[in-house]
$ cat coords09.txt   # compact mmCIF, C-alpha atoms
# COMPACT_ATOMS: atom_id res chain seq x y z
CA MET R 153 101.61 112.14 218.98
CA ALA R 154 98.73 113.28 221.07
CA GLU R 155 99.41 114.28 224.64
CA SER R 156 99.76 111.40 227.08
CA LYS R 157 96.51 110.48 228.69
CA PRO R 158 96.21 108.03 231.56
CA ARG R 159 93.36 105.55 231.84
CA VAL R 160 92.49 103.55 234.93
CA LYS R 161 89.96 100.83 235.49
CA ALA R 162 89.22 100.10 239.14
CA PRO R 163 86.01 99.07 240.90
CA LYS R 164 83.97 101.84 242.56
CA THR R 165 82.77 99.63 245.40
CA ALA R 166 84.19 96.66 247.31
CA LYS R 167 83.66 94.61 250.46
CA PRO R 168 86.07 95.10 253.39
CA GLY R 169 89.17 92.98 252.89
CA GLU R 170 88.38 92.32 249.23
CA VAL R 171 91.24 92.01 246.76
CA VAL R 172 90.45 94.26 243.80
CA THR R 173 92.08 94.30 240.39
CA ILE R 174 93.33 97.60 239.04
CA LYS R 175 94.27 98.15 235.42
CA THR R 176 96.20 101.20 234.26
CA LEU R 177 97.30 102.38 230.85
CA ILE R 178 98.89 105.55 229.59
CA SER R 179 99.24 106.58 225.98
CA HIS R 180 102.90 107.35 225.37
CA GLU R 181 105.28 106.73 222.49
CA MET R 182 108.08 105.39 224.79
CA GLU R 183 110.86 106.51 222.47
CA SER R 184 113.77 104.30 223.51
CA GLY R 185 116.66 106.57 222.51
CA GLN R 186 118.14 103.75 220.42
CA ARG R 187 116.46 104.55 217.12
CA LYS R 188 117.85 106.75 214.40
CA ASP R 189 115.95 109.17 212.25
CA SER R 190 115.57 107.45 208.88
CA LYS R 191 116.39 110.65 206.95
CA THR R 192 119.12 112.42 208.96
CA GLY R 193 120.66 109.35 210.64
CA GLU R 194 120.68 111.14 213.97
CA LEU R 195 119.63 109.47 217.20
CA ILE R 196 116.12 110.27 218.30
CA PRO R 197 116.41 111.40 221.93
CA ARG R 198 115.03 109.12 224.59
CA LYS R 199 111.59 110.03 225.91
CA ILE R 200 109.89 107.45 228.07
CA ILE R 201 107.76 107.21 231.17
CA ASN R 202 110.45 106.29 233.71
CA ARG R 203 108.38 105.83 236.84
CA PHE R 204 104.92 104.72 237.84
CA GLU R 205 103.48 105.00 241.34
CA ALA R 206 100.19 103.78 242.73
CA THR R 207 99.10 104.73 246.25
CA PHE R 208 96.02 104.34 248.43
CA GLU R 209 95.48 107.16 250.94
CA GLY R 210 99.22 107.83 250.99
CA GLN R 211 100.10 104.16 251.35
CA GLU R 212 102.27 102.67 248.62
CA ILE R 213 100.74 99.87 246.54
CA LEU R 214 103.08 99.62 243.60
CA THR R 215 106.11 101.55 242.39
CA VAL R 216 107.81 100.77 239.11
CA ASP R 217 111.05 102.06 237.64
CA ILE R 218 110.64 101.77 233.89
CA ASP R 219 113.48 101.26 231.43
CA PRO R 220 113.61 101.86 227.65
CA ALA R 221 112.73 98.28 226.68
CA VAL R 222 109.10 98.81 227.69
CA SER R 223 106.79 99.20 224.68
CA ALA R 224 104.58 102.13 223.79
CA ASN R 225 101.45 102.71 225.87
CA PRO R 226 102.66 100.96 229.06
CA TYR R 227 100.01 98.87 230.80
CA PHE R 228 100.08 97.71 234.41
CA GLU R 229 97.60 95.38 236.03
CA PHE R 230 97.87 94.64 239.72
CA SER R 231 95.72 93.89 242.74
CA ALA R 232 95.24 95.55 246.09
CA LYS R 233 93.46 94.56 249.28
CA VAL R 234 91.06 97.26 250.46
CA GLU R 235 89.88 97.54 254.07
CA ARG R 236 88.25 100.99 254.01
CA SER R 237 86.91 103.65 251.66
CA GLY R 238 89.43 105.96 250.11
CA THR R 239 91.14 107.16 246.98
CA PHE R 240 93.66 105.47 244.73
CA LYS R 241 96.18 107.87 243.29
CA PHE R 242 98.27 107.09 240.23
CA LYS R 243 101.28 108.98 238.96
CA TRP R 244 103.40 108.62 235.84
CA VAL R 245 106.70 110.51 235.45
CA ASP R 246 107.98 111.40 232.00
CA ASP R 247 111.66 111.86 231.02
CA ASP R 248 110.90 115.48 230.15
CA GLY R 249 109.73 116.11 233.71
CA SER R 250 106.00 116.06 233.01
CA VAL R 251 103.91 114.28 235.58
CA TYR R 252 100.59 112.73 234.67
CA GLU R 253 98.22 112.05 237.53
CA THR R 254 94.78 110.58 238.03
CA GLU R 255 92.75 109.21 240.90
CA ASN R 256 89.86 106.84 241.57
CA ALA R 257 87.67 106.76 244.64
CA ILE R 258 86.43 103.48 246.10
CA THR R 259 83.65 102.92 248.63
CA VAL R 260 84.15 99.97 250.93
CA GLY R 261 81.25 98.63 252.93
CA MET P 250 94.57 47.81 209.75
CA GLY P 251 97.39 49.76 211.35
CA ARG P 252 96.98 52.46 208.75
CA LYS P 253 93.27 52.82 209.36
CA ALA P 254 93.78 53.15 213.09
CA LEU P 255 96.38 55.81 212.50
CA SER P 256 94.10 57.84 210.27
CA LEU P 257 91.36 57.62 212.90
CA ILE P 258 93.73 58.99 215.51
CA ALA P 259 94.73 61.72 213.12
CA ALA P 260 91.09 62.60 212.52
CA ALA P 261 90.39 62.77 216.25
CA ALA P 262 93.43 64.95 216.84
CA PHE P 263 92.33 67.26 214.06
CA ALA P 264 88.85 67.58 215.55
CA ILE P 265 90.28 68.59 218.91
CA ALA P 266 92.63 71.10 217.35
CA ALA P 267 89.84 72.58 215.26
CA GLY P 268 87.60 72.80 218.30
CA ALA P 269 90.17 74.73 220.25
CA ALA P 270 90.93 77.17 217.47
CA SER P 271 87.41 77.97 216.36
CA ALA P 272 85.22 80.53 218.00
CA ASP P 273 82.30 80.13 220.29
CA GLU P 274 79.54 80.81 217.80
CA ASP P 275 76.81 80.62 220.42
CA ALA P 276 78.27 83.29 222.71
CA GLU P 277 76.37 86.53 223.18
CA LEU P 278 78.16 89.83 223.00
CA VAL P 279 77.87 92.08 226.04
CA VAL P 280 80.02 95.22 225.97
CA GLU P 281 80.28 97.12 229.25
CA GLY P 282 76.93 95.70 230.36
CA GLN P 283 75.18 96.52 227.09
CA GLU P 284 73.89 93.62 225.02
CA ILE P 285 74.58 93.85 221.31
CA VAL P 286 72.71 91.89 218.66
CA THR P 287 75.18 89.63 216.85
CA LYS P 288 72.73 87.07 215.49
CA LEU P 289 69.35 87.46 213.94
CA GLU P 290 66.98 85.69 211.66
CA SER P 291 67.33 86.59 208.06
CA PRO P 292 64.59 88.90 206.81
CA GLU P 293 62.72 88.29 203.57
CA GLY P 294 64.93 88.89 200.53
CA ASN P 295 68.26 88.56 202.33
CA PRO P 296 70.37 85.84 200.67
CA LEU P 297 71.84 84.65 203.99
CA PRO P 298 70.01 81.94 206.00
CA VAL P 299 70.94 83.64 209.26
CA ILE P 300 72.75 86.92 209.90
CA LEU P 301 75.85 86.64 212.08
CA SER P 302 78.25 89.36 213.14
CA GLY P 303 81.95 88.76 212.50
CA TRP P 304 82.39 88.78 216.27
CA ARG P 305 80.92 85.26 216.45
CA PHE P 306 83.64 83.92 214.17
CA ARG P 307 86.59 85.04 216.25
CA GLU P 308 88.56 83.18 218.91
CA ASP P 309 87.55 83.46 222.56
CA ALA P 310 90.46 85.74 223.45
CA THR P 311 89.67 88.13 220.60
CA GLN P 312 85.99 88.10 221.52
CA ALA P 313 86.83 88.96 225.12
CA LEU P 314 88.90 92.00 224.11
CA GLN P 315 85.82 93.67 222.70
CA THR P 316 83.68 93.20 225.80
CA ASP P 317 85.77 95.59 227.89
CA ASP P 318 86.47 99.13 226.76
CA PHE P 319 89.64 99.18 228.81
CA GLU P 320 91.04 96.11 227.08
CA ASN P 321 89.86 97.24 223.65
CA PRO P 322 92.95 98.92 222.17
CA SER P 323 90.94 101.18 219.83
CA PHE P 324 90.18 103.52 222.67
CA LEU P 325 93.65 105.10 222.47
CA GLU P 326 92.79 106.34 218.98
CA ILE P 327 89.28 107.30 220.06
CA ASP P 328 90.65 109.35 222.96
CA ALA P 329 92.90 111.19 220.52
CA ALA P 330 89.87 111.91 218.30
CA ARG P 331 87.92 113.17 221.30
CA GLU P 332 90.57 115.87 221.75
CA LEU P 333 90.33 116.77 218.07
CA TRP P 334 86.57 117.14 218.39
CA THR P 335 87.03 120.35 220.37
CA LYS P 336 90.18 121.55 218.59
CA VAL P 337 89.82 124.61 216.38
CA GLU P 338 91.25 124.09 212.90
CA GLY P 339 91.00 125.86 209.56
CA LYS P 340 90.41 129.43 208.41
CA ALA P 341 86.85 129.62 209.74
CA GLY P 342 88.20 129.21 213.28
CA LYS P 343 85.81 126.43 214.20
CA SER P 344 86.01 123.03 215.82
CA CYS P 345 83.58 120.13 215.40
CA ALA P 346 82.09 121.02 218.78
CA ASP P 347 81.26 124.61 217.73
CA CYS P 348 78.45 123.36 215.48
CA HIS P 349 77.77 119.90 216.84
CA GLY P 350 78.22 120.39 220.60
CA ASP P 351 78.70 117.29 222.68
CA VAL P 352 79.65 114.34 220.50
CA GLU P 353 77.83 111.95 222.83
CA GLU P 354 74.54 113.77 222.30
CA THR P 355 74.58 114.96 218.71
CA MET P 356 76.22 111.98 217.03
CA LYS P 357 73.92 109.38 218.55
CA GLY P 358 72.56 107.08 215.84
CA VAL P 359 74.47 108.71 212.99
CA ARG P 360 76.62 105.67 212.22
CA ALA P 361 73.61 103.31 212.15
CA HIS P 362 72.22 104.94 209.00
CA MET P 363 75.47 105.20 207.05
CA PRO P 364 76.03 105.24 204.16
CA LYS P 365 73.08 107.31 203.04
CA TRP P 366 71.78 109.34 200.13
CA ASN P 367 72.90 112.97 200.14
CA GLU P 368 70.44 115.11 198.23
CA LYS P 369 72.76 118.08 197.74
CA ALA P 370 75.61 116.01 196.33
CA GLY P 371 73.35 113.65 194.41
CA GLU P 372 75.39 110.72 195.71
CA VAL P 373 75.47 108.12 198.44
CA TRP P 374 77.80 109.41 201.15
CA SER P 375 79.73 107.50 203.76
CA LEU P 376 80.46 108.94 207.19
CA GLU P 377 83.92 110.02 205.95
CA ASN P 378 82.27 112.17 203.25
CA TYR P 379 80.28 114.02 205.91
CA VAL P 380 83.37 114.56 208.08
CA ASN P 381 85.37 115.93 205.16
CA ASP P 382 82.46 118.08 203.97
CA CYS P 383 82.43 119.73 207.40
CA ARG P 384 86.19 120.13 207.40
CA VAL P 385 86.42 121.69 203.94
CA ASN P 386 83.23 123.75 203.72
CA ARG P 387 82.46 124.70 207.31
CA MET P 388 85.89 124.75 208.96
CA GLU P 389 87.81 125.67 205.80
CA ALA P 390 90.48 123.18 206.81
CA ASP P 391 92.22 120.43 204.85
CA ALA P 392 90.32 117.26 204.09
CA TRP P 393 91.50 114.11 205.87
CA THR P 394 92.69 110.98 204.09
CA TRP P 395 90.06 108.27 204.36
CA GLU P 396 92.09 105.29 205.46
CA LYS P 397 94.43 107.07 207.87
CA ASN P 398 94.25 108.73 211.25
CA PRO P 399 92.81 111.13 212.34
CA MET P 400 89.91 110.17 210.04
CA ILE P 401 89.64 106.60 211.36
CA GLY P 402 89.74 107.73 214.98
CA MET P 403 87.09 110.37 214.30
CA THR P 404 84.73 107.98 212.48
CA ALA P 405 85.25 105.49 215.32
CA LEU P 406 84.40 108.17 217.90
CA ILE P 407 81.24 109.07 215.98
CA GLY P 408 80.42 105.39 215.42
CA LEU P 409 80.83 104.62 219.12
CA GLN P 410 77.85 106.89 219.87
CA SER P 411 75.61 104.44 217.96
CA ARG P 412 76.94 101.31 219.65
CA GLY P 413 74.20 98.77 220.23
CA MET P 414 71.74 100.41 217.83
CA PRO P 415 70.54 98.31 214.90
CA MET P 416 72.04 98.92 211.47
CA GLU P 417 69.38 100.58 209.40
CA VAL P 418 70.39 101.82 205.97
CA ASP P 419 67.88 103.27 203.53
CA VAL P 420 68.17 101.60 200.14
CA SER P 421 64.99 103.02 198.66
CA GLY P 422 64.44 105.98 196.33
CA PRO P 423 67.55 107.45 194.70
CA ALA P 424 69.82 105.14 196.73
CA GLU P 425 68.36 102.12 194.97
CA GLU P 426 70.55 102.59 191.92
CA TRP P 427 73.64 102.58 194.19
CA PHE P 428 72.33 99.52 195.99
CA GLU P 429 72.03 97.68 192.67
CA ARG P 430 75.55 98.71 191.69
CA GLY P 431 76.87 97.44 195.00
CA LYS P 432 74.99 94.19 194.57
CA GLU P 433 76.47 93.69 191.12
CA MET P 434 79.96 94.27 192.54
CA TYR P 435 79.32 91.78 195.33
CA TYR P 436 78.68 89.01 192.82
CA THR P 437 81.32 90.07 190.28
CA ARG P 438 84.52 88.04 190.21
CA PHE P 439 87.62 90.19 190.53
CA GLY P 440 91.33 89.63 190.02
CA GLN P 441 93.53 86.81 188.79
CA LEU P 442 91.98 84.46 191.32
CA GLU P 443 88.53 85.34 190.00
CA LEU P 444 86.86 85.68 193.35
CA ALA P 445 83.68 87.59 194.11
CA CYS P 446 82.78 88.73 197.62
CA ALA P 447 80.01 86.12 197.53
CA ASN P 448 82.40 83.21 196.87
CA CYS P 449 83.80 83.49 200.37
CA HIS P 450 81.28 85.43 202.40
CA GLU P 451 78.06 83.95 201.07
CA ASP P 452 79.00 80.45 199.85
CA HIS P 453 81.60 79.55 202.47
CA TRP P 454 81.10 81.54 205.64
CA GLY P 455 81.75 79.35 208.68
CA ASP P 456 84.37 77.30 206.78
CA MET P 457 88.09 77.54 207.37
CA ILE P 458 90.16 79.18 204.66
CA ARG P 459 93.47 77.75 205.83
CA ALA P 460 93.82 79.21 209.34
CA ASP P 461 91.11 81.82 208.93
CA HIS P 462 87.52 81.28 210.00
CA LEU P 463 85.48 82.88 207.24
CA SER P 464 82.83 85.30 208.40
CA GLN P 465 79.89 86.71 206.51
CA GLY P 466 81.81 89.92 205.91
CA GLN P 467 79.41 92.04 207.92
CA VAL P 468 80.30 95.71 208.35
CA ASN P 469 78.56 96.52 211.66
CA GLY P 470 81.85 96.76 213.58
CA PHE P 471 83.81 99.23 211.42
CA PRO P 472 86.13 100.98 211.96
CA THR P 473 87.50 97.81 213.50
CA TYR P 474 90.68 97.19 215.49
CA ARG P 475 92.58 94.50 213.62
CA LEU P 476 95.15 92.72 215.74
CA ARG P 477 97.31 92.00 212.69
CA ASN P 478 97.52 95.73 211.89
CA THR P 479 97.63 96.77 215.56
CA LYS P 480 95.41 99.73 214.73
CA LEU P 481 91.92 100.73 213.71
CA VAL P 482 91.12 99.88 210.11
CA SER P 483 88.49 101.61 208.00
CA LEU P 484 85.89 99.70 206.03
CA HIS P 485 87.12 100.83 202.63
CA ASP P 486 90.65 99.81 203.56
CA ARG P 487 89.30 96.33 204.30
CA PHE P 488 87.44 96.25 200.98
CA LYS P 489 90.71 97.19 199.31
CA GLY P 490 92.53 94.40 201.16
CA CYS P 491 89.97 91.84 200.05
CA ILE P 492 90.19 92.83 196.38
CA ARG P 493 93.98 92.96 196.57
CA ASP P 494 93.92 89.39 197.88
CA THR P 495 92.13 88.32 194.71
CA ARG P 496 95.20 89.73 192.92
CA GLY P 497 93.05 92.39 191.32
CA GLU P 498 93.47 96.13 190.79
CA THR P 499 91.53 97.69 193.64
CA PHE P 500 89.29 100.72 193.80
CA SER P 501 90.32 103.63 196.02
CA PRO P 502 88.95 104.19 199.50
CA GLY P 503 86.17 106.76 199.14
CA SER P 504 85.45 105.88 195.52
CA ALA P 505 81.85 105.65 194.29
CA GLU P 506 82.36 101.91 193.75
CA PHE P 507 83.27 101.25 197.37
CA ARG P 508 80.46 103.47 198.65
CA ALA P 509 77.97 101.50 196.56
CA LEU P 510 79.44 98.25 197.92
CA GLU P 511 79.30 99.64 201.46
CA LEU P 512 75.59 100.38 201.05
CA TYR P 513 74.84 96.90 199.74
CA VAL P 514 76.91 95.09 202.38
CA ALA P 515 75.37 97.22 205.14
CA TRP P 516 71.94 96.13 203.89
CA ARG P 517 72.99 92.48 204.15
CA GLY P 518 73.52 93.04 207.88
CA GLN P 519 70.41 95.15 208.45
CA GLY P 520 69.39 94.85 212.11
CA LEU P 521 72.77 93.78 213.51
CA GLY P 522 73.91 95.90 216.44
CA ILE P 523 76.58 98.50 215.74
CA GLU P 524 79.80 97.26 217.38
CA THR P 525 82.10 100.16 216.52
CA PRO P 526 84.91 99.89 217.55
CA SER P 527 85.02 96.12 217.21
CA VAL P 528 88.11 93.92 217.64
CA ARG P 529 89.00 91.32 215.04
CA GLN P 530 91.96 89.11 214.24
$ encode --input "coords09.txt" --output "structure tokens"
Amino acid sequence: MAESKPRVKAPKTAKPGEVVTIKTLISHEMESGQRKDSKTGELIPRKIINRFEATFEGQEILTVDIDPAVSANPYFEFSAKVERSGTFKFKWVDDDGSVYETENAITVG
Amino acid sequence: MGRKALSLIAAAAFAIAAGAASADEDAELVVEGQEIVTKLESPEGNPLPVILSGWRFREDATQALQTDDFENPSFLEIDAARELWTKVEGKAGKSCADCHGDVEETMKGVRAHMPKWNEKAGEVWSLENYVNDCRVNRMEADAWTWEKNPMIGMTALIGLQSRGMPMEVDVSGPAEEWFERGKEMYYTRFGQLELACANCHEDHWGDMIRADHLSQGQVNGFPTYRLRNTKLVSLHDRFKGCIRDTRGETFSPGSAEFRALELYVAWRGQGLGIETPSVRQ
């Protein structure tokens, strides 16, 4: 499996007070920890993205605790009301401690 | 009397159901703001009355997936291929980028002319042949399997650089013999069901084959993301699937037969915009 890579689609410009739609996706196998190796019969250790956070200039928009039932390549779509220009920051936390981050700037006016 | 009324109601109900399930054949395809030709008048010599991309035959929801690169699920595989583009592999210690530089610059238009005559090999080559030639002879790495990743992702990444350009294959000169072979295959009945490509895709495109809306079998969107496979599918894999469905023994992906067929079918859609990576049912 290739390394996890986040993708975000958010508008670059908006009017003050506009509600914008943000779509996020990260490539990840989301190994649930329930499956067994077909050859050895041993459990494949759990490895999932367990947390997702979206913030705007330090202000929380959306925080998600993710459990093993979520499928591979988790996708979140949500909306946010923007009053001023700034930067959206997105963060995914992996079971193995890796943190994947990305950000998108938006100009409001 | 009662029976007639009932059958009329049934007919009306069927019409509504069919209307809801079938695609919007008059819609225009715009991907990320770029218009792509999905319908054009048939040029002289083409057996089709009008040339239509397979996109026009799909349901609204499937059509919509292709208009947005974020929603289009193929981009996960394309992103993986983008990493491979710069990854050094093989004994020569080279990556694709060492010779070809930026994929977005150097691979522009490549897909639109595939498959094409290769003078050195004395054969018609598909894009996969060129990728493997580079891997084996220039990188001294292992060849990739045609119908699997990473080959499909890589051909999709290269194909993406030609998106929107018209399909333009050269069927003249030495390629003509291959073109004729492909044409013969297209009209040859295969398998226990004795079906030729033309029986469905020329005689009955636009009709329903049970729940499936038959397209013209155009190849301008390959590799294509098939929702039923939940992954990108290569053209030769689709050829194989079609022949298998006739209950016939199929040719192998990469075989001379399939490359000849690819050339002929590409010619049937000459001028259609490249849609790689398209989304189909």
$ residues_around --input "coords09.txt" --residues "R:Arg159" --least-positions-apart "3" --cutoff "6 Å" --atoms "only C-alpha atoms" --output "mmCIF file with C-alpha atoms, in the frame of the given file"
data_model
loop_
_atom_site.group_PDB
_atom_site.id
_atom_site.type_symbol
_atom_site.label_atom_id
_atom_site.label_comp_id
_atom_site.auth_asym_id
_atom_site.auth_seq_id
_atom_site.Cartn_x
_atom_site.Cartn_y
_atom_site.Cartn_z
ATOM 1 C CA THR R 176 96.200 101.200 234.260
ATOM 2 C CA LEU R 177 97.300 102.380 230.850
ATOM 3 C CA ILE R 178 98.890 105.550 229.590
#
$ closest_atom_pairs --input "coords09.txt" --of "chain R" --to "chain P" --cutoff "12 Å" --atoms "only C-alpha atoms" --output "tab-separated table"
residue	atom	partner	partner_atom	distance
R:Met153	CA	P:Ala329	CA	8.9
R:Ala154	CA	P:Ala329	CA	6.2
R:Glu155	CA	P:Ala329	CA	8.3
R:Ser156	CA	P:Ala329	CA	9.5
R:Lys157	CA	P:Asp328	CA	8.3
R:Pro158	CA	P:Leu325	CA	9.9
R:Arg159	CA	P:Phe319	CA	8.0
R:Val160	CA	P:Phe319	CA	8.0
R:Lys161	CA	P:Phe319	CA	6.9
R:Ala162	CA	P:Phe319	CA	10.4
R:Ile174	CA	P:Phe319	CA	11.0
R:Lys175	CA	P:Phe319	CA	8.1
R:Thr176	CA	P:Phe319	CA	8.8
R:Leu177	CA	P:Phe319	CA	8.5
R:Ile178	CA	P:Leu325	CA	8.9
R:Ser179	CA	P:Leu325	CA	6.8
R:His180	CA	P:Leu325	CA	10.0
R:Glu181	CA	P:Leu325	CA	11.7
R:Ala224	CA	P:Leu325	CA	11.4
R:Asn225	CA	P:Leu325	CA	8.8
R:Pro226	CA	P:Leu325	CA	11.9
R:Tyr227	CA	P:Glu320	CA	10.1
R:Phe228	CA	P:Glu320	CA	11.7
R:Glu229	CA	P:Glu320	CA	11.1
$ closest_residue --input "coords09.txt" --among "P:Val299, P:Leu481, P:Ala390, P:Ala447" --to "P:Lys336" --atoms "only C-alpha atoms"
P:Ala390
$ atom_distance --input "coords09.txt" --atom1 "atom CA of P:Ala341" --atom2 "atom CA of P:Cys383"
11.1 Å
$ residues_near_point --input "coords09.txt" --point "(68.3, 105.7, 203.7)" --cutoff "7 Å" --atoms "only C-alpha atoms" --output "JSON, numbers by chain"
{"P": [362, 365, 366, 418, 419, 420, 421]}
$ atom_distance --input "coords09.txt" --atom1 "atom CA of P:His450" --atom2 "atom CA of P:Arg412"
23.8 Å
$ residues_around --input "coords09.txt" --residues "R:Lys241" --least-positions-apart "5" --cutoff "7 Å" --atoms "only C-alpha atoms" --output "ChimeraX atom specification"
/R:206-208,254-256
$ atom_distance --input "coords09.txt" --atom1 "atom CA of P:Ser501" --atom2 "atom CA of P:Leu484"
11.6 Å
$ closest_residue --input "coords09.txt" --among "R:Lys191, R:Phe204, R:Ser237, R:Ala221" --to "R:Glu253" --atoms "all atoms listed in the file"
R:Phe204
$ residues_around --input "coords09.txt" --residues "P:Ile407" --least-positions-apart "2" --cutoff "9 Å" --atoms "all atoms listed in the file" --output "PyMOL selection string"
chain P and resi 352-353+356-360+376+402-405+409-411+525
$ decode --input "coords09.txt" --residues "stretch 227-244 of chain R" --atoms "N, CA, C and O atoms" --output "compact mmCIF listing (two decimals), in the first residue's frame"
# COMPACT_ATOMS: atom_id res chain seq x y z
N TYR R 227 -13.69 9.21 3.88
CA TYR R 227 -14.12 10.43 3.20
C TYR R 227 -15.03 11.21 4.13
O TYR R 227 -15.97 10.64 4.68
N PHE R 228 -14.76 12.48 4.30
CA PHE R 228 -15.64 13.33 5.10
C PHE R 228 -16.03 14.55 4.27
O PHE R 228 -15.17 15.20 3.68
N GLU R 229 -17.32 14.84 4.28
CA GLU R 229 -17.80 16.05 3.62
C GLU R 229 -18.59 16.83 4.66
O GLU R 229 -19.46 16.28 5.33
N PHE R 230 -18.26 18.11 4.80
CA PHE R 230 -18.96 18.91 5.80
C PHE R 230 -18.95 20.37 5.34
O PHE R 230 -18.28 20.72 4.36
N SER R 231 -19.70 21.20 6.04
CA SER R 231 -19.73 22.61 5.64
C SER R 231 -19.28 23.50 6.78
O SER R 231 -19.33 23.11 7.95
N ALA R 232 -18.84 24.69 6.41
CA ALA R 232 -18.38 25.65 7.41
C ALA R 232 -18.78 27.05 6.95
O ALA R 232 -18.78 27.34 5.75
N LYS R 233 -19.11 27.89 7.91
CA LYS R 233 -19.47 29.27 7.60
C LYS R 233 -18.20 30.11 7.73
O LYS R 233 -17.53 30.05 8.78
N VAL R 234 -17.85 30.86 6.70
CA VAL R 234 -16.62 31.65 6.77
C VAL R 234 -16.95 33.14 6.80
O VAL R 234 -17.73 33.65 6.00
N GLU R 235 -16.34 33.85 7.75
CA GLU R 235 -16.57 35.28 7.90
C GLU R 235 -15.37 36.10 7.43
O GLU R 235 -15.48 37.26 7.11
N ARG R 236 -14.18 35.48 7.46
CA ARG R 236 -12.96 36.22 7.11
C ARG R 236 -11.97 35.28 6.42
O ARG R 236 -12.11 34.06 6.49
N SER R 237 -10.95 35.88 5.80
CA SER R 237 -9.92 35.09 5.14
C SER R 237 -9.12 34.33 6.18
O SER R 237 -8.99 34.76 7.31
N GLY R 238 -8.58 33.19 5.75
CA GLY R 238 -7.79 32.41 6.68
C GLY R 238 -7.41 31.07 6.09
O GLY R 238 -7.50 30.86 4.88
N THR R 239 -6.98 30.17 6.97
CA THR R 239 -6.50 28.88 6.50
C THR R 239 -7.23 27.74 7.22
O THR R 239 -7.33 27.75 8.45
N PHE R 240 -7.72 26.81 6.44
CA PHE R 240 -8.25 25.57 7.00
C PHE R 240 -7.10 24.62 7.22
O PHE R 240 -6.26 24.46 6.34
N LYS R 241 -7.08 23.99 8.38
CA LYS R 241 -6.06 22.97 8.62
C LYS R 241 -6.75 21.64 8.88
O LYS R 241 -7.75 21.59 9.59
N PHE R 242 -6.19 20.58 8.30
CA PHE R 242 -6.77 19.26 8.45
C PHE R 242 -5.71 18.31 8.96
O PHE R 242 -4.55 18.38 8.57
N LYS R 243 -6.13 17.41 9.85
CA LYS R 243 -5.16 16.52 10.49
C LYS R 243 -5.77 15.13 10.65
O LYS R 243 -6.91 15.00 11.10
N TRP R 244 -5.02 14.12 10.22
CA TRP R 244 -5.46 12.74 10.38
C TRP R 244 -4.44 12.03 11.27
O TRP R 244 -3.23 12.17 11.04
